[in-house]
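protein17.tsv, holding TSV, C-alpha atoms and all ligand atoms:
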chain	number	residue	atom	x	y	z
A	1111	MET	CA	-15.08	-22.95	0.97
A	1112	ASN	CA	-13.75	-20.90	3.89
A	1113	SER	CA	-15.18	-17.40	3.79
A	1114	ASN	CA	-14.81	-16.28	7.38
A	1115	ILE	CA	-11.76	-14.25	6.33
A	1116	LEU	CA	-12.27	-10.85	4.69
A	1117	VAL	CA	-9.61	-9.00	2.68
A	1118	ILE	CA	-10.62	-5.36	2.21
A	1119	GLY	CA	-8.92	-4.02	-0.91
A	1120	GLY	CA	-8.54	-7.64	-2.02
A	1121	THR	CA	-7.85	-6.70	-5.65
A	1122	GLY	CA	-5.31	-3.99	-4.77
A	1123	LYS	CA	-1.51	-3.99	-4.57
A	1124	THR	CA	-1.21	-5.79	-1.24
A	1125	GLY	CA	-4.74	-7.21	-0.93
A	1126	ARG	CA	-4.58	-9.36	-4.06
A	1127	ARG	CA	-1.27	-10.79	-2.87
A	1128	VAL	CA	-2.72	-11.47	0.60
A	1129	VAL	CA	-5.56	-13.36	-1.13
A	1130	GLU	CA	-2.95	-15.44	-3.03
A	1131	GLN	CA	-1.04	-16.15	0.18
A	1132	LEU	CA	-4.22	-17.29	1.94
A	1133	GLN	CA	-5.19	-19.46	-1.04
A	1134	LYS	CA	-1.79	-21.18	-0.73
A	1135	LYS	CA	-2.83	-22.05	2.84
A	1136	GLY	CA	-6.10	-23.51	1.50
A	1137	ILE	CA	-8.21	-20.52	2.58
A	1138	GLU	CA	-10.58	-18.85	0.12
A	1139	PRO	CA	-11.16	-15.39	1.59
A	1140	ARG	CA	-14.01	-13.03	0.82
A	1141	ILE	CA	-12.91	-9.91	-1.04
A	1142	GLY	CA	-14.01	-6.48	0.14
A	1143	SER	CA	-14.04	-4.03	-2.77
A	1144	ARG	CA	-16.57	-2.18	-4.89
A	1145	SER	CA	-16.28	-4.76	-7.68
A	1146	ALA	CA	-16.63	-7.78	-5.37
A	1147	THR	CA	-19.82	-9.68	-4.60
A	1148	PRO	CA	-21.11	-8.63	-2.16
A	1149	SER	CA	-19.78	-5.18	-2.93
A	1150	PHE	CA	-17.93	-3.24	-0.20
A	1151	ASP	CA	-17.62	0.52	-0.59
A	1152	TRP	CA	-15.85	2.70	1.98
A	1153	ASP	CA	-18.11	5.55	0.86
A	1154	ASN	CA	-21.35	3.61	1.44
A	1155	LYS	CA	-21.78	2.16	4.93
A	1156	ASP	CA	-24.89	0.28	3.80
A	1157	THR	CA	-22.58	-2.14	1.95
A	1158	TRP	CA	-20.50	-3.02	5.00
A	1159	VAL	CA	-22.86	-5.38	6.86
A	1160	ARG	CA	-23.10	-7.96	4.05
A	1161	SER	CA	-19.32	-8.03	3.62
A	1162	LEU	CA	-18.84	-8.55	7.37
A	1163	GLU	CA	-21.46	-11.27	7.84
A	1164	GLY	CA	-19.84	-14.41	9.31
A	1165	ILE	CA	-16.33	-12.89	9.24
A	1166	GLU	CA	-13.88	-13.73	12.03
A	1167	ARG	CA	-10.61	-12.23	10.77
A	1168	MET	CA	-9.99	-9.39	8.37
A	1169	TYR	CA	-7.14	-7.60	6.60
A	1170	VAL	CA	-7.92	-3.91	6.12
A	1171	THR	CA	-6.42	-1.60	3.52
A	1172	TYR	CA	-7.98	1.83	3.31
A	1173	TYR	CA	-8.32	3.56	-0.06
A	1174	PRO	CA	-6.60	5.76	-1.10
A	1175	ASP	CA	-4.55	6.29	2.07
A	1176	LEU	CA	-5.04	6.38	5.85
A	1177	ALA	CA	-3.67	9.94	5.83
A	1178	VAL	CA	-6.63	11.43	3.94
A	1179	PRO	CA	-9.34	13.40	5.77
A	1180	GLY	CA	-12.22	11.09	6.75
A	1181	ALA	CA	-10.11	7.90	6.86
A	1182	LYS	CA	-10.01	7.82	10.64
A	1183	GLU	CA	-13.80	8.16	10.94
A	1184	SER	CA	-14.38	5.38	8.39
A	1185	VAL	CA	-11.89	3.05	10.06
A	1186	GLU	CA	-13.53	3.78	13.42
A	1187	SER	CA	-17.06	3.00	12.16
A	1188	LEU	CA	-15.89	-0.17	10.41
A	1189	THR	CA	-13.91	-1.38	13.44
A	1190	TYR	CA	-16.86	-1.03	15.82
A	1191	LEU	CA	-19.31	-2.56	13.36
A	1192	ALA	CA	-16.90	-5.47	12.87
A	1193	LYS	CA	-16.61	-5.93	16.63
A	1194	GLU	CA	-20.39	-5.88	17.01
A	1195	MET	CA	-20.70	-8.47	14.23
A	1196	GLY	CA	-18.24	-10.86	15.87
A	1197	VAL	CA	-14.94	-10.15	14.13
A	1198	LYS	CA	-12.16	-11.47	16.41
A	1199	LYS	CA	-9.00	-10.17	14.70
A	1200	ILE	CA	-8.08	-7.17	12.55
A	1201	VAL	CA	-4.83	-6.68	10.64
A	1202	LEU	CA	-4.57	-3.04	9.57
A	1203	LEU	CA	-2.15	-1.92	6.85
A	1204	SER	CA	-0.64	1.42	7.80
A	1205	GLY	CA	2.17	3.67	6.62
A	1206	LYS	CA	5.53	3.95	8.35
A	1207	GLY	CA	6.29	7.51	9.44
A	1208	GLU	CA	2.72	8.63	8.61
A	1209	THR	CA	1.57	10.53	11.69
A	1210	GLU	CA	-2.01	10.85	10.36
A	1211	ALA	CA	-2.29	7.08	9.93
A	1212	GLU	CA	-1.54	6.59	13.63
A	1213	ALA	CA	-5.02	7.90	14.50
A	1214	SER	CA	-6.54	4.89	12.70
A	1215	GLU	CA	-3.99	2.54	14.28
A	1216	LYS	CA	-4.98	3.77	17.74
A	1217	ILE	CA	-8.67	3.13	17.04
A	1218	VAL	CA	-8.00	-0.49	16.08
A	1219	MET	CA	-5.58	-0.92	19.01
A	1220	GLY	CA	-8.10	0.44	21.51
A	1221	SER	CA	-11.13	-1.40	20.14
A	1222	GLY	CA	-10.84	-4.53	22.26
A	1223	VAL	CA	-10.60	-6.68	19.11
A	1224	ASP	CA	-7.36	-8.67	18.68
A	1225	TYR	CA	-5.15	-6.86	16.19
A	1226	THR	CA	-1.80	-6.62	14.45
A	1227	ILE	CA	-0.73	-3.38	12.77
A	1228	VAL	CA	1.44	-3.81	9.67
A	1229	ARG	CA	3.27	-0.51	9.09
A	1230	ALA	CA	4.91	-0.40	5.69
A	1231	SER	CA	7.38	1.95	4.06
A	1232	TRP	CA	6.84	2.97	0.41
A	1233	PHE	CA	6.03	0.07	-1.90
A	1234	ASN	CA	8.29	-1.03	-4.79
A	1235	GLN	CA	5.08	-1.58	-6.78
A	1236	ASN	CA	4.37	2.18	-6.86
A	1237	TRP	CA	6.73	2.04	-9.89
A	1238	SER	CA	4.79	-0.66	-11.76
A	1239	GLU	CA	1.20	-0.58	-10.44
A	1240	SER	CA	0.68	2.99	-9.25
A	1241	PHE	CA	1.50	6.67	-9.58
A	1242	PHE	CA	5.17	6.36	-10.64
A	1243	LEU	CA	4.36	4.11	-13.64
A	1244	ASP	CA	3.20	6.85	-16.05
A	1245	PRO	CA	6.43	8.89	-15.77
A	1246	ILE	CA	8.46	5.71	-16.41
A	1247	LEU	CA	6.41	4.96	-19.53
A	1248	SER	CA	6.84	8.52	-20.77
A	1249	GLY	CA	10.63	8.12	-20.55
A	1250	GLU	CA	11.07	11.28	-18.44
A	1251	VAL	CA	10.89	11.15	-14.68
A	1252	ALA	CA	10.85	14.48	-12.87
A	1253	LEU	CA	10.74	14.23	-9.08
A	1254	PRO	CA	11.72	16.26	-6.04
A	1255	MET	CA	13.95	14.95	-3.24
A	1256	SER	CA	15.95	12.68	-5.52
A	1257	ASP	CA	18.60	11.93	-2.93
A	1258	VAL	CA	16.37	11.06	0.04
A	1259	LEU	CA	17.09	7.52	1.22
A	1260	ILE	CA	13.97	5.31	1.25
A	1261	PRO	CA	13.68	1.68	2.46
A	1262	PHE	CA	11.28	0.66	-0.37
A	1263	VAL	CA	9.53	-2.63	0.44
A	1264	ASP	CA	8.05	-5.24	-1.88
A	1265	ALA	CA	4.27	-5.77	-1.81
A	1266	ASP	CA	4.93	-9.54	-1.98
A	1267	ASP	CA	6.78	-9.31	1.35
A	1268	ILE	CA	4.11	-7.10	2.92
A	1269	ALA	CA	1.41	-9.55	1.83
A	1270	GLU	CA	3.23	-12.62	3.12
A	1271	VAL	CA	3.72	-10.89	6.47
A	1272	ALA	CA	0.09	-9.74	6.55
A	1273	ALA	CA	-1.30	-13.19	5.70
A	1274	THR	CA	0.94	-14.76	8.35
A	1275	VAL	CA	-0.02	-12.41	11.16
A	1276	LEU	CA	-3.69	-12.56	10.15
A	1277	MET	CA	-3.78	-16.30	10.83
A	1278	ASP	CA	-1.15	-16.53	13.61
A	1279	ASP	CA	-2.19	-15.08	16.98
A	1280	THR	CA	1.42	-14.98	18.19
A	1281	TYR	CA	1.62	-11.49	16.71
A	1282	ASN	CA	-1.53	-10.14	18.39
A	1283	GLY	CA	-1.02	-6.70	19.92
A	1284	GLU	CA	2.11	-5.99	17.85
A	1285	ILE	CA	3.09	-3.28	15.39
A	1286	ILE	CA	5.12	-4.96	12.65
A	1287	GLU	CA	7.22	-2.48	10.68
A	1288	VAL	CA	8.02	-3.76	7.21
A	1289	THR	CA	10.80	-2.26	5.10
A	1290	GLY	CA	13.07	-3.48	2.35
A	1291	PRO	CA	16.67	-4.51	3.11
A	1292	GLU	CA	18.33	-1.31	1.83
A	1293	LEU	CA	17.98	2.45	1.60
A	1294	ILE	CA	17.75	3.69	-1.97
A	1295	THR	CA	17.10	6.95	-3.80
A	1296	PHE	CA	14.89	7.85	-6.77
A	1297	LYS	CA	18.05	8.28	-8.85
A	1298	ASP	CA	19.19	4.71	-7.99
A	1299	ILE	CA	15.76	3.42	-8.98
A	1300	ILE	CA	15.67	5.14	-12.37
A	1301	GLY	CA	19.15	3.71	-13.10
A	1302	MET	CA	18.03	0.17	-12.21
A	1303	ILE	CA	14.78	0.35	-14.20
A	1304	SER	CA	16.64	1.83	-17.23
A	1305	THR	CA	19.16	-1.01	-17.26
A	1306	SER	CA	16.76	-3.88	-16.61
A	1307	SER	CA	14.10	-2.72	-19.06
A	1308	ASP	CA	16.65	-1.63	-21.68
A	1309	ARG	CA	15.30	1.94	-21.74
A	1310	SER	CA	17.20	5.21	-21.53
A	1311	LEU	CA	15.08	6.97	-18.92
A	1312	LYS	CA	15.87	10.60	-18.18
A	1313	PHE	CA	15.72	11.88	-14.62
A	1314	HIS	CA	15.13	15.54	-13.73
A	1315	GLU	CA	15.38	16.97	-10.23
A	1316	ILE	CA	12.56	19.43	-9.58
A	1317	THR	CA	11.24	21.18	-6.49
A	1318	LEU	CA	8.18	19.92	-4.62
A	1319	GLN	CA	6.40	23.11	-5.64
A	1320	GLN	CA	7.10	22.41	-9.35
A	1321	TYR	CA	5.91	18.83	-8.88
A	1322	VAL	CA	2.67	20.02	-7.30
A	1323	GLU	CA	2.14	22.65	-10.02
A	1324	GLY	CA	2.75	19.94	-12.66
A	1325	MET	CA	0.03	17.78	-11.12
A	1326	ARG	CA	-2.41	20.72	-11.09
A	1327	GLN	CA	-1.66	21.46	-14.78
A	1328	MET	CA	-2.53	17.84	-15.53
A	1329	GLN	CA	-5.83	18.43	-13.72
A	1330	ILE	CA	-5.15	15.67	-11.24
A	1331	PRO	CA	-7.95	15.87	-8.65
A	1332	GLU	CA	-7.12	18.21	-5.78
A	1333	ASP	CA	-7.45	15.49	-3.11
A	1334	VAL	CA	-4.86	13.36	-4.95
A	1335	VAL	CA	-2.53	16.37	-5.29
A	1336	TRP	CA	-2.95	16.97	-1.55
A	1337	LEU	CA	-2.12	13.33	-0.79
A	1338	ILE	CA	1.00	13.20	-2.97
A	1339	GLU	CA	2.26	16.53	-1.59
A	1340	TYR	CA	1.65	15.21	1.93
A	1341	LEU	CA	3.51	11.97	1.19
A	1342	PHE	CA	6.53	13.88	-0.12
A	1343	SER	CA	6.60	16.67	2.47
A	1344	HIS	CA	5.76	14.62	5.59
A	1345	VAL	CA	6.39	10.93	4.99
A	1346	LEU	CA	9.45	10.94	2.74
A	1347	THR	CA	11.32	13.40	4.90
A	1348	ASN	CA	10.36	11.81	8.23
A	1349	PRO	CA	13.58	10.36	9.70
A	1350	GLU	CA	11.54	7.45	11.12
A	1351	ASN	CA	10.88	6.40	7.56
A	1352	GLN	CA	14.58	6.19	6.69
A	1353	VAL	CA	15.33	3.24	8.94
A	1354	ILE	CA	15.63	-0.42	7.95
A	1355	THR	CA	13.86	-2.89	10.23
A	1356	ASN	CA	14.22	-6.66	10.48
A	1357	ASP	CA	10.52	-7.39	10.97
A	1358	VAL	CA	10.06	-9.13	7.60
A	1359	GLU	CA	12.79	-11.60	8.59
A	1360	ARG	CA	11.41	-11.91	12.13
A	1361	VAL	CA	7.99	-12.98	10.82
A	1362	LEU	CA	8.95	-14.87	7.66
A	1363	GLY	CA	12.33	-16.29	8.69
A	1364	ARG	CA	13.91	-14.91	5.50
A	1365	LYS	CA	15.22	-11.56	4.33
A	1366	PRO	CA	12.99	-9.20	2.34
A	1367	GLY	CA	13.55	-8.97	-1.42
A	1368	THR	CA	15.93	-6.33	-2.75
A	1369	PHE	CA	14.78	-3.55	-5.04
A	1370	LEU	CA	16.96	-4.99	-7.80
A	1371	GLN	CA	15.20	-8.37	-7.53
A	1372	TYR	CA	11.87	-6.56	-7.87
A	1373	VAL	CA	13.13	-4.59	-10.89
A	1374	GLU	CA	14.51	-7.67	-12.66
A	1375	GLU	CA	11.33	-9.70	-12.11
A	1376	THR	CA	9.06	-6.82	-13.08
A	1377	ALA	CA	11.07	-5.97	-16.23
A	1378	LYS	CA	10.36	-9.51	-17.51
A	1379	THR	CA	6.61	-8.76	-17.52
A	1380	GLY	CA	7.14	-5.95	-20.08
A	1381	VAL	CA	5.17	-3.46	-17.99
A	1382	TRP	CA	7.89	-0.80	-18.47
A	1383	ASN	CA	8.14	-1.34	-22.23
A	1384	THR	CA	4.57	-0.48	-23.13
A	1385	ASN	CA	4.40	2.46	-25.53
A	1386	ILE	CA	2.08	5.14	-24.29
A	1387	VAL	CA	1.39	8.63	-25.49
A	1388	LEU	CA	0.61	10.87	-22.55
A	1389	ASP	CA	-2.06	13.48	-23.07
A	1390	HIS	CA	-0.18	15.74	-20.69
A	1391	GLU	CA	3.35	16.75	-19.75
A	1392	PRO	CA	5.06	14.03	-17.71
A	1393	ILE	CA	5.35	14.67	-13.97
A	1401	LIG	N1	1.71	2.85	-1.73
A	1401	LIG	C1	2.56	2.93	-0.73
A	1401	LIG	O1	3.76	3.15	-0.93
A	1401	LIG	C2	2.06	2.76	0.70
A	1401	LIG	C3	3.01	2.76	1.74
A	1401	LIG	C4	2.57	2.55	3.06
A	1401	LIG	C5	1.21	2.34	3.31
A	1401	LIG	N2	0.33	2.37	2.28
A	1401	LIG	C6	-1.10	2.15	2.61
A	1401	LIG	O2	-1.62	1.13	1.79
A	1401	LIG	C7	-3.05	1.27	1.76
A	1401	LIG	C8	-3.53	0.88	0.39
A	1401	LIG	O3	-3.22	-0.48	0.21
A	1401	LIG	P1	-2.92	-1.10	-1.22
A	1401	LIG	O4	-1.88	-0.26	-1.91
A	1401	LIG	O5	-2.72	-2.54	-1.05
A	1401	LIG	O6	-4.33	-0.88	-1.95
A	1401	LIG	P2	-4.60	-0.14	-3.33
A	1401	LIG	O7	-3.92	-0.90	-4.43
A	1401	LIG	O8	-4.31	1.32	-3.19
A	1401	LIG	O9	-6.18	-0.29	-3.34
A	1401	LIG	C9	-6.94	-0.74	-4.35
A	1401	LIG	C10	-8.06	-1.60	-3.74
A	1401	LIG	O10	-9.01	-0.77	-3.07
A	1401	LIG	C11	-10.30	-1.00	-3.64
A	1401	LIG	N3	-11.03	0.26	-3.55
A	1401	LIG	C12	-10.81	1.43	-4.21
A	1401	LIG	N4	-11.71	2.34	-3.85
A	1401	LIG	C13	-12.53	1.76	-2.94
A	1401	LIG	C14	-13.68	2.19	-2.19
A	1401	LIG	N5	-14.20	3.41	-2.30
A	1401	LIG	N6	-14.27	1.31	-1.36
A	1401	LIG	C15	-13.81	0.04	-1.23
A	1401	LIG	N7	-12.73	-0.43	-1.90
A	1401	LIG	C16	-12.10	0.44	-2.75
A	1401	LIG	C17	-10.02	-1.51	-5.05
A	1401	LIG	O11	-11.06	-2.31	-5.56
A	1401	LIG	P3	-12.34	-1.71	-6.34
A	1401	LIG	O12	-11.82	-0.76	-7.37
A	1401	LIG	O13	-13.05	-2.92	-6.88
A	1401	LIG	O14	-13.17	-1.02	-5.30
A	1401	LIG	C18	-8.79	-2.37	-4.79
A	1401	LIG	O15	-9.17	-3.63	-4.27
A	1401	LIG	C19	-3.36	2.73	2.13
A	1401	LIG	O16	-4.06	2.79	3.34
A	1401	LIG	C20	-1.99	3.36	2.32
A	1401	LIG	O17	-1.98	4.21	3.43
A	1401	LIG	C21	0.70	2.56	1.00

Could you show the structure in this file as structure tokens?
Ligand SMILES: NC(=O)c1ccc[n+]([C@@H]2O[C@H](COP(=O)([O-])OP(=O)(O)OC[C@H]3O[C@@H](n4cnc5c(N)ncnc54)[C@H](OP(=O)(O)O)[C@@H]3O)[C@@H](O)[C@H]2O)c1
Amino acid sequence: MNSNILVIGGTGKTGRRVVEQLQKKGIEPRIGSRSATPSFDWDNKDTWVRSLEGIERMYVTYYPDLAVPGAKESVESLTYLAKEMGVKKIVLLSGKGETEAEASEKIVMGSGVDYTIVRASWFNQNWSESFFLDPILSGEVALPMSDVLIPFVDADDIAEVAATVLMDDTYNGEIIEVTGPELITFKDIIGMISTSSDRSLKFHEITLQQYVEGMRQMQIPEDVVWLIEYLFSHVLTNPENQVITNDVERVLGRKPGTFLQYVEETAKTGVWNTNIVLDHEPI
């Protein structure tokens, strides 16, 4: 059993896929998460040492997002502890066009530990494994900025890139920017999910302010409201985030998956056909 590789967030959207990719290479990584053994908790530094013992390479996803206050300090403490404990390579997952995340990138880049930064645009899986799933299940999707063009990227592609650069030192010192192969809008997405899942989803254009008020009415915690507002107002509208890159193809030698491929595969799982009754108005 090879456990000198650590995947922090190893049960999350990208982390669990990185674990699968490493397993395909015959590597059984250690998982860093609160539910893992040993447990790793970003909010409890006492848990970090046991997770880092004997580790040489690690993939780091911060929870919930590198943009939140305190992320930079946590990434800094973890990076220097890892260095002290003999970690030789760090792959940090970051967000494309997220200025706040760059502070954490710079810490890893300046640490003296070998590194690769994987900067991703918004994940396809936000629609099936994260905050856009509930509105889809409710049948009514109300979002601001419905015509902004976004190069959504598949978590499978991010994970394959991350697992590759984690094990291959050719990419040391690089920032790999991963996007999907096309720019698409929320309206396009609702159309594709409606067709593939045989649902008649309704889309409503609302303002960012209405979206934020809706979240507050649903008593979503204030730090989550802050994060989602930040992602819409800073990341979505950042022109840097509306560019397609060829880094997935450069690393994997194949093109990234299209959003339609993701939708068709995901529809087969039935995740968008679950009946739920929301205890709040859909946002
Ligand atoms: N979503 C996007 O569109 C997007 C785009 C660009 C970049 N990003 C970046 O992606 C990163 C998140 O990666 P992801 O989506 O792969 O992960 P994720 O699905 O958001 O994370 C879930 C993982 O984090 C663990 N976790 C939750 N709270 C934790 C805590 N307090 N301490 C330790 N582990 C904790 C969970 O396991 P346990 O519950 O067992 O602890 C699970 O393994 C963020 O830094 C974000 O900036 C996201």

Find the residues around stretch 1209-1218 of chain A up to 12 Å (only C-alpha atoms counted), leave out those fewer than 3 positions away in its own chain, and share them as a ChimeraX atom specification.
/A:1168-1172,1174-1193,1198-1206,1221-1230,1282-1286,1337,1340-1341,1344-1346,1348,1350-1351

Of the candidates A:Val1335, A:Val1373, A:Val1353, A:Val1271, which shows the shortest atom-to-atom distance to A:Val1128, using all atoms listed in the file?
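Closest candidate: A:Val1271.
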
Give me the residues within 9 Å of A:Ser1231 as an mmCIF file with C-alpha atoms, in the coordinates of the input, counting all atoms listed in the file and dropping any in the same chain fewer than 5 places off.
data_model
loop_
_atom_site.group_PDB
_atom_site.id
_atom_site.type_symbol
_atom_site.label_atom_id
_atom_site.label_comp_id
_atom_site.auth_asym_id
_atom_site.auth_seq_id
_atom_site.Cartn_x
_atom_site.Cartn_y
_atom_site.Cartn_z
ATOM 1 C CA SER A 1204 -0.640 1.420 7.800
ATOM 2 C CA GLY A 1205 2.170 3.670 6.620
ATOM 3 C CA LYS A 1206 5.530 3.950 8.350
ATOM 4 C CA GLY A 1207 6.290 7.510 9.440
ATOM 5 C CA ILE A 1260 13.970 5.310 1.250
ATOM 6 C CA PRO A 1261 13.680 1.680 2.460
ATOM 7 C CA PHE A 1262 11.280 0.660 -0.370
ATOM 8 C CA VAL A 1263 9.530 -2.630 0.440
ATOM 9 C CA GLU A 1287 7.220 -2.480 10.680
ATOM 10 C CA VAL A 1288 8.020 -3.760 7.210
ATOM 11 C CA THR A 1289 10.800 -2.260 5.100
ATOM 12 C CA GLY A 1290 13.070 -3.480 2.350
ATOM 13 C CA ASN A 1351 10.880 6.400 7.560
ATOM 14 C CA GLN A 1352 14.580 6.190 6.690
#

9 Å contact set for stretch 1249-1255 of chain A, only C-alpha atoms, chain neighbours under 4 positions out, as a PyMOL selection string:
chain A and resi 1242+1244-1245+1295-1296+1300+1309-1321+1342+1346-1347+1392-1393

Polymer residues at most 12 Å from A:Arg1127, all atoms listed in the file, same-chain spacing of 2 or more positions, as a VMD selection string
chain A and resid 1117 to 1125 1129 to 1134 1139 1141 1169 1235 1264 to 1273

Listed atoms of ligand LIG 1401 (chain A) boxed axis-aligned with 8 Å per side, centre + edges as JSON:
{"center_x": -5.3, "center_y": 0.3, "center_z": -2.0, "size_x": 34.0, "size_y": 23.8, "size_z": 26.8}

Point-to-point distance in Å for atom C8 of ligand LIG 1401 (chain A) and atom CA of A:Tyr1173:
5.5 Å

Would you compute the distance between atom CA of A:Glu1138 and atom CA of A:Arg1126? Give it in Å to one decimal.
12.0 Å

Residue nearest ligand LIG 1401 (chain A) - candidates A:Phe1369, A:Tyr1281, A:Trp1158, A:Trp1336, atoms counted: all atoms listed in the file:
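When distances to ligand LIG 1401 (chain A) are compared using all atoms listed in the file, the smallest one comes from A:Trp1158.
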
Which one of A:Ser1113, A:Ser1145, A:Thr1274, A:Thr1157 sits closest to ligand LIG 1401 (chain A) if you count all atoms listed in the file?
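Result for the nearest residue to ligand LIG 1401 (chain A): A:Ser1145.
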
Would you mind reading off the distance between atom CA of A:Leu1259 and atom O4 of ligand LIG 1401 (chain A), one decimal, in Å?
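Taking atom CA of A:Leu1259 as the start and atom O4 of ligand LIG 1401 (chain A) as the end point, the length is 20.7 Å.
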
Let me make sure I understand: among A:Ser1304, A:Ser1161, A:Gln1327, A:Thr1280, which one has the smallest atom-to-atom distance to ligand LIG 1401 (chain A) if we use only C-alpha atoms and all ligand atoms?
A:Ser1161

Counting only C-alpha atoms and all ligand atoms, the residue of A:Pro1148, A:Gly1367, A:Gly1380, A:Pro1291 that sits nearest ligand LIG 1401 (chain A):
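Looking at the shortest contact to ligand LIG 1401 (chain A), the residue is A:Pro1148.
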
Grab stretch 1293-1305 of chain A from that structure and dump N, CA and C atoms to a file, as a PDB file, in the first residue's frame.
ATOM      1  N   LEU A1293     -17.609  28.121 -24.571  1.00  0.00           N
ATOM      2  CA  LEU A1293     -18.191  29.115 -23.664  1.00  0.00           C
ATOM      3  C   LEU A1293     -19.703  28.939 -23.701  1.00  0.00           C
ATOM      4  N   ILE A1294     -20.307  28.771 -22.531  1.00  0.00           N
ATOM      5  CA  ILE A1294     -21.754  28.568 -22.514  1.00  0.00           C
ATOM      6  C   ILE A1294     -22.406  29.429 -21.437  1.00  0.00           C
ATOM      7  N   THR A1295     -23.721  29.612 -21.575  1.00  0.00           N
ATOM      8  CA  THR A1295     -24.459  30.466 -20.637  1.00  0.00           C
ATOM      9  C   THR A1295     -25.371  29.598 -19.758  1.00  0.00           C
ATOM     10  N   PHE A1296     -25.866  30.200 -18.689  1.00  0.00           N
ATOM     11  CA  PHE A1296     -26.823  29.483 -17.821  1.00  0.00           C
ATOM     12  C   PHE A1296     -28.046  29.047 -18.630  1.00  0.00           C
ATOM     13  N   LYS A1297     -28.486  29.918 -19.537  1.00  0.00           N
ATOM     14  CA  LYS A1297     -29.679  29.569 -20.341  1.00  0.00           C
ATOM     15  C   LYS A1297     -29.407  28.320 -21.181  1.00  0.00           C
ATOM     16  N   ASP A1298     -28.208  28.266 -21.819  1.00  0.00           N
ATOM     17  CA  ASP A1298     -27.848  27.070 -22.616  1.00  0.00           C
ATOM     18  C   ASP A1298     -27.924  25.820 -21.728  1.00  0.00           C
ATOM     19  N   ILE A1299     -27.397  25.968 -20.517  1.00  0.00           N
ATOM     20  CA  ILE A1299     -27.297  24.812 -19.612  1.00  0.00           C
ATOM     21  C   ILE A1299     -28.684  24.296 -19.227  1.00  0.00           C
ATOM     22  N   ILE A1300     -29.576  25.225 -18.895  1.00  0.00           N
ATOM     23  CA  ILE A1300     -30.927  24.793 -18.482  1.00  0.00           C
ATOM     24  C   ILE A1300     -31.608  24.073 -19.645  1.00  0.00           C
ATOM     25  N   GLY A1301     -31.381  24.589 -20.870  1.00  0.00           N
ATOM     26  CA  GLY A1301     -31.957  23.920 -22.060  1.00  0.00           C
ATOM     27  C   GLY A1301     -31.422  22.496 -22.192  1.00  0.00           C
ATOM     28  N   MET A1302     -30.099  22.337 -22.035  1.00  0.00           N
ATOM     29  CA  MET A1302     -29.500  20.997 -22.205  1.00  0.00           C
ATOM     30  C   MET A1302     -29.977  20.035 -21.120  1.00  0.00           C
ATOM     31  N   ILE A1303     -30.038  20.528 -19.871  1.00  0.00           N
ATOM     32  CA  ILE A1303     -30.453  19.619 -18.777  1.00  0.00           C
ATOM     33  C   ILE A1303     -31.925  19.250 -18.944  1.00  0.00           C
ATOM     34  N   SER A1304     -32.767  20.227 -19.367  1.00  0.00           N
ATOM     35  CA  SER A1304     -34.197  19.940 -19.605  1.00  0.00           C
ATOM     36  C   SER A1304     -34.343  18.808 -20.602  1.00  0.00           C
ATOM     37  N   THR A1305     -33.656  18.939 -21.738  1.00  0.00           N
ATOM     38  CA  THR A1305     -33.803  17.952 -22.819  1.00  0.00           C
ATOM     39  C   THR A1305     -33.294  16.583 -22.381  1.00  0.00           C
TER      40      THR A1305
END
